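Colleague: First the structure, which I've put down as structure tokens, then a few questions once you've had a look.
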Amino acid sequence: MPSLEKSHPSRSLITVPLLRRESIGESYHVLWFDMPEGAPAKPGQFTMIRGQEWGDAPLLPRPMSYLSGGTTPSMLVKVQGEGTIRMGRAEPGEPFMLLGPLGNGWRAHDPTKRQVLVAGGVGIAPLIFLARELVAQGQRPVLLYGGRTARDLPLADDAIELCDLEIATEDGSRGLPGRVTDLLTKWLSSNVEVFTCGPDRMMAAVAQKCALTKIPCEVSLEAPMACGFGICLGCAIPTAGGGYLYACSEGPCLDAERIDWDRSAGLLATASKGGVK
Amino acid sequence: MTSQSVKVGQLTFKNPVLTASGCFGYGLEFDDFFDVATLGGICTKGLSLLPRPGNAPDRICETPAGMLNAIGLANVGVEAFCTEKLPTLRERGVTVIANIFATSIDDFVTLAKRLDCETGIAAVELNVSCPNVTHGGIEFGRDPKMAAQVTAAVRAATKLPVWVKMSPEAGDLVGVARACEAEGADAITAINTIRGMVIDVDKMRPKLKNRTGGLSGPALRPIAVRMVYDLVGALKIPVVGIGGISSARDALEFLLAGAKAVQIGTASFKDPEAGRRIAEGIAAYCAKHEVSVEELIGKARVEG
């Protein structure tokens, strides 16, 4: 039988037990899984994860960025709805189905530049994974981390070991009062490159600042998705020049310039309030 | 193993499990997970004459035991399908049902003629039931006269078997199906999604940009089983059952109701290997009961 050329030869669906769950405050959890088989994830890739015992509801698996890879991969979960509530209550040994690793990870860093990572809330996960890899390659990245309050900065203390950390909170409860984009301005120079993950509005603002100063900016997209590998076509993101790309298969990490931030979901209302500009 | 093959009109499938249009891409995307040629067949993403980019996001959201989608028939177009996807499917021995969509009868005819030039297509399935596009789609599938016109025109344009996919929103489902049968449809696929809406109470607006989307998933299943049961009782041509199947037992409900084959939709999203798993489960059930699949078909039908 002739074989197909496989674009993602290493992705697979594996049922594995939860190894450990660690709560961070009220809204966040880190879940570790025991996964002796399967391809290791690269920073920026994601998995579709679903409890094997969930039955028919919640129906769909949840897309989650890897916080770490290897044979005991982990994910940072923010409790937001039915699926993440269950993940936040899961006990060691509970079986989960993990489909992955999926999507494109962060592009290779430029060793001649300093990496500035810009994170919003739970968007920290793929950036911590990236930071660990950068440190292993002799870099010392900068991490600009924003949240609404000090409680919305999971893993901030873990990041201190890896990065030069600067924090902004909207209520001023930790770090600079204001937005993470306010921290970014002084770092924008020709010898940096930016990697960002967080709410759409934040990434749009980061992307715009980088575009104006011609600094390379890589974003990690989030979008509703049912399958994670290019079938459901739910995760459409408007592209510069018209049409759509799919966050699962063309992202989640890609060059910010490929995206039409004005047409992206949730941005129109923000733009009219002047939030983006 | 007992015989798993089923006949749908003139066509013989190696087993009764097909994958549904819109939930299996063009088949090749599943190659990492299992050999799709082991399935009874696959129905392609709905093909249109020209490529379509689809609707603005958000396009999907989850619902209790289901999901809404308003993808808007994003697809590569019939030409790219024939030149870029079909040759590999043919080489791999995958049984392909080409699902087609158009906004006019003329375009349906052009699509059918284009596919008639290709080898490796087992049947065409007319999507006259898409709820998520402004023109065409469901308009053809709600009205027996229009459904009959589309069926007759495509029937005359192709040598391939013609399947017509029903909308559960047809007021007179049996009437629409009978009209298609009278114009030479070879099989009826039932059912497509049914329109629903979810409101985001924080943003105070519908979750989907399209406002409404087609409901699929297990929540739909009892409605689909009932409709298949009704259609099988009213038609001479075979019925292919679809709607919320995610296990072998779900699929068996449709077969026992009289469907000659089933299609797996949303289940492939949560488990890419759902089709393979369901086909194996049906075979195990048949072995346990020492029956062939054909012997099961319609077995739950009650006389009188």
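In the structure tokens, chains take letters A, B, ... by order of appearance, with residues numbered from 1 within each chain and ligands from 1 in the order shown.
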Define the interface residues of chain A facing chain B as those within 8 Å, counting only C-alpha atoms, and report them as a ChimeraX atom specification.
Modeller: /A:1-2,4,6,8-13,56-61,224-238,243-244,264-265
Colleague: Run DSSP on the backbone and give me the residues of stretch 25-241 of chain A it puts in strand (DSSP E or B), as an MDAnalysis selection string.
Modeller: chainID A and resid 28:33 46:51 62:68 74:78 95:102 104 114:120 142:147 164:169 176:177 192:197 217:220 236:239
Colleague: What does the structure give for the distance between atom CA of B:Leu49 and atom CA of A:Gly242, in Å to one decimal?
Modeller: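 So the answer is 19.9 Å.
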Colleague: Smallest atom-to-atom distance to B:Thr212: which of B:Val198, B:Leu252, B:Val225, B:Val232, using only C-alpha atoms?
Modeller: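 Closest residue, counting only C-alpha atoms: B:Val198.
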Colleague: When DSSP works through the backbone of this structure, what residues of stretch 17-186 of chain A end up as helix (DSSP H, G or I), shown as a PyMOL selection string?
Modeller: chain A and resi 82-89+121-136+150-152+156-160+180-186
Colleague: Please indicate the distance in Å from atom CA of B:Glu139 to atom CA of B:Tyr229, rounded to one decimal place.
Modeller: 23.9 Å
Colleague: With distances taken over only C-alpha atoms, which residue among A:Leu254, A:Cys248, A:Val116, A:Met203 lies nearest A:Leu134?
Modeller: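 Residue with the minimum atom-to-atom distance to A:Leu134: A:Val116.
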Colleague: So which residues touch B:Gly258 within 10 Å, counting only C-alpha atoms, skipping near sequence neighbours fewer than 4 positions away, as a PyMOL selection string?
Modeller: chain B and resi 225+228-233+238-241+252-254+294+296-301
Colleague: May I have the residues within 8 Å of stretch 215-222 of chain A as a ChimeraX atom specification, using only C-alpha atoms and disregarding those fewer than 3 positions away in the same chain?
Modeller: /A:44,106-107,188-190,192-198,200,203,207,210-212,247,251-257
Colleague: Do a neighbour search on stretch 77-82 of chain A at 6 Å with only C-alpha atoms, toss out local chain neighbours closer than 5 positions, and write the hits as JSON, numbers by chain.
Modeller: {"A": [27, 28, 29]}
Colleague: Keeping only N, CA and C atoms, take the residues you just selected and write them out as a compact mmCIF listing (two decimals), in the first residue's frame.
Modeller:
# COMPACT_ATOMS: atom_id res chain seq x y z
N SER A 27 -8.11 29.75 40.94
CA SER A 27 -8.55 29.60 39.55
C SER A 27 -7.61 28.83 38.65
N TYR A 28 -6.44 28.47 39.16
CA TYR A 28 -5.46 27.84 38.27
C TYR A 28 -4.97 26.51 38.83
N HIS A 29 -4.65 25.61 37.92
CA HIS A 29 -4.08 24.32 38.30
C HIS A 29 -3.01 23.95 37.29
Colleague: Tell me which protein, DNA and RNA residues are within 10 Å of A:Gln139, counting only C-alpha atoms, leaving out same-chain ones fewer than 2 positions away, and put them as an MDAnalysis selection string.
Modeller: chainID A and resid 109 111:115 131:137 141:142 162:163
Colleague: Dump C-alpha atoms for the selected residues as a compact mmCIF listing (two decimals), in the first residue's frame?
Modeller:
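File produced: result_17.txt:
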# COMPACT_ATOMS: atom_id res chain seq x y z
CA HIS A 109 14.84 32.17 18.20
CA PRO A 111 20.63 33.93 18.94
CA THR A 112 21.91 37.40 18.05
CA LYS A 113 18.88 39.02 19.72
CA ARG A 114 17.36 39.26 23.18
CA GLN A 115 13.99 37.53 23.51
CA ALA A 131 11.94 30.38 28.40
CA ARG A 132 13.22 27.05 29.71
CA GLU A 133 14.45 26.14 26.24
CA LEU A 134 16.04 29.56 25.75
CA VAL A 135 17.85 29.30 29.07
CA ALA A 136 19.10 25.84 28.12
CA GLN A 137 20.58 27.45 25.02
CA PRO A 141 14.94 36.16 28.18
CA VAL A 142 12.92 39.10 29.47
CA LEU A 162 14.35 31.78 34.14
CA CYS A 163 13.81 35.36 33.09
Colleague: Find the spatial neighbours of B:Val96, counting only C-alpha atoms, within a cut-off of 9 Å - ignore same-chain residues fewer than 4 positions away - and output them as a PDB file with N, CA and C atoms, in the first residue's frame.
Modeller:
ATOM      1  N   GLY B  27     -10.348  13.278   4.304  1.00  0.00           N
ATOM      2  CA  GLY B  27      -9.924  11.910   4.643  1.00  0.00           C
ATOM      3  C   GLY B  27      -8.453  11.787   4.991  1.00  0.00           C
ATOM      4  N   GLY B  41     -16.618   3.883   4.111  1.00  0.00           N
ATOM      5  CA  GLY B  41     -16.372   4.970   3.164  1.00  0.00           C
ATOM      6  C   GLY B  41     -16.276   6.293   3.889  1.00  0.00           C
ATOM      7  N   ILE B  42     -15.943   7.328   3.134  1.00  0.00           N
ATOM      8  CA  ILE B  42     -15.904   8.675   3.708  1.00  0.00           C
ATOM      9  C   ILE B  42     -16.726   9.624   2.826  1.00  0.00           C
ATOM     10  N   CYS B  43     -17.395  10.576   3.456  1.00  0.00           N
ATOM     11  CA  CYS B  43     -18.059  11.642   2.713  1.00  0.00           C
ATOM     12  C   CYS B  43     -17.186  12.884   2.825  1.00  0.00           C
ATOM     13  N   THR B  44     -16.888  13.479   1.689  1.00  0.00           N
ATOM     14  CA  THR B  44     -15.971  14.621   1.699  1.00  0.00           C
ATOM     15  C   THR B  44     -16.627  15.834   2.338  1.00  0.00           C
ATOM     16  N   LEU B  86      -8.191  13.707  -4.431  1.00  0.00           N
ATOM     17  CA  LEU B  86      -8.760  12.439  -4.912  1.00  0.00           C
ATOM     18  C   LEU B  86      -7.716  11.410  -5.367  1.00  0.00           C
ATOM     19  N   LEU B  89      -6.557   9.465  -2.416  1.00  0.00           N
ATOM     20  CA  LEU B  89      -7.635   8.634  -1.870  1.00  0.00           C
ATOM     21  C   LEU B  89      -7.844   7.393  -2.746  1.00  0.00           C
ATOM     22  N   ARG B  90      -7.782   7.616  -4.070  1.00  0.00           N
ATOM     23  CA  ARG B  90      -7.985   6.533  -5.037  1.00  0.00           C
ATOM     24  C   ARG B  90      -6.885   5.489  -4.892  1.00  0.00           C
ATOM     25  N   GLY B 120     -12.976   6.708  -9.006  1.00  0.00           N
ATOM     26  CA  GLY B 120     -12.686   6.675  -7.569  1.00  0.00           C
ATOM     27  C   GLY B 120     -13.732   7.360  -6.723  1.00  0.00           C
ATOM     28  N   ILE B 121     -14.839   7.759  -7.338  1.00  0.00           N
ATOM     29  CA  ILE B 121     -15.939   8.313  -6.551  1.00  0.00           C
ATOM     30  C   ILE B 121     -17.101   7.335  -6.615  1.00  0.00           C
ATOM     31  N   ALA B 122     -17.589   6.920  -5.451  1.00  0.00           N
ATOM     32  CA  ALA B 122     -18.627   5.896  -5.392  1.00  0.00           C
ATOM     33  C   ALA B 122     -20.015   6.489  -5.602  1.00  0.00           C
ATOM     34  N   ALA B 123     -20.214   7.716  -5.099  1.00  0.00           N
ATOM     35  CA  ALA B 123     -21.539   8.344  -5.184  1.00  0.00           C
ATOM     36  C   ALA B 123     -21.386   9.838  -4.939  1.00  0.00           C
ATOM     37  N   VAL B 124     -22.410  10.595  -5.330  1.00  0.00           N
ATOM     38  CA  VAL B 124     -22.462  12.002  -4.914  1.00  0.00           C
ATOM     39  C   VAL B 124     -23.597  12.146  -3.899  1.00  0.00           C
TER      40      VAL B 124
END
Colleague: Using Å and a single decimal, report how far atom CA of A:Gln45 sits from atom CA of A:Asp262.
Modeller: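 Between these atoms lies a distance of 25.3 Å.
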Colleague: Pick the closest to A:Ser65 from A:Val118, A:Ile24, A:Met97, A:Phe129: which is it, counting only C-alpha atoms?
Modeller: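 When distances to A:Ser65 are compared using only C-alpha atoms, the smallest one comes from A:Phe129.
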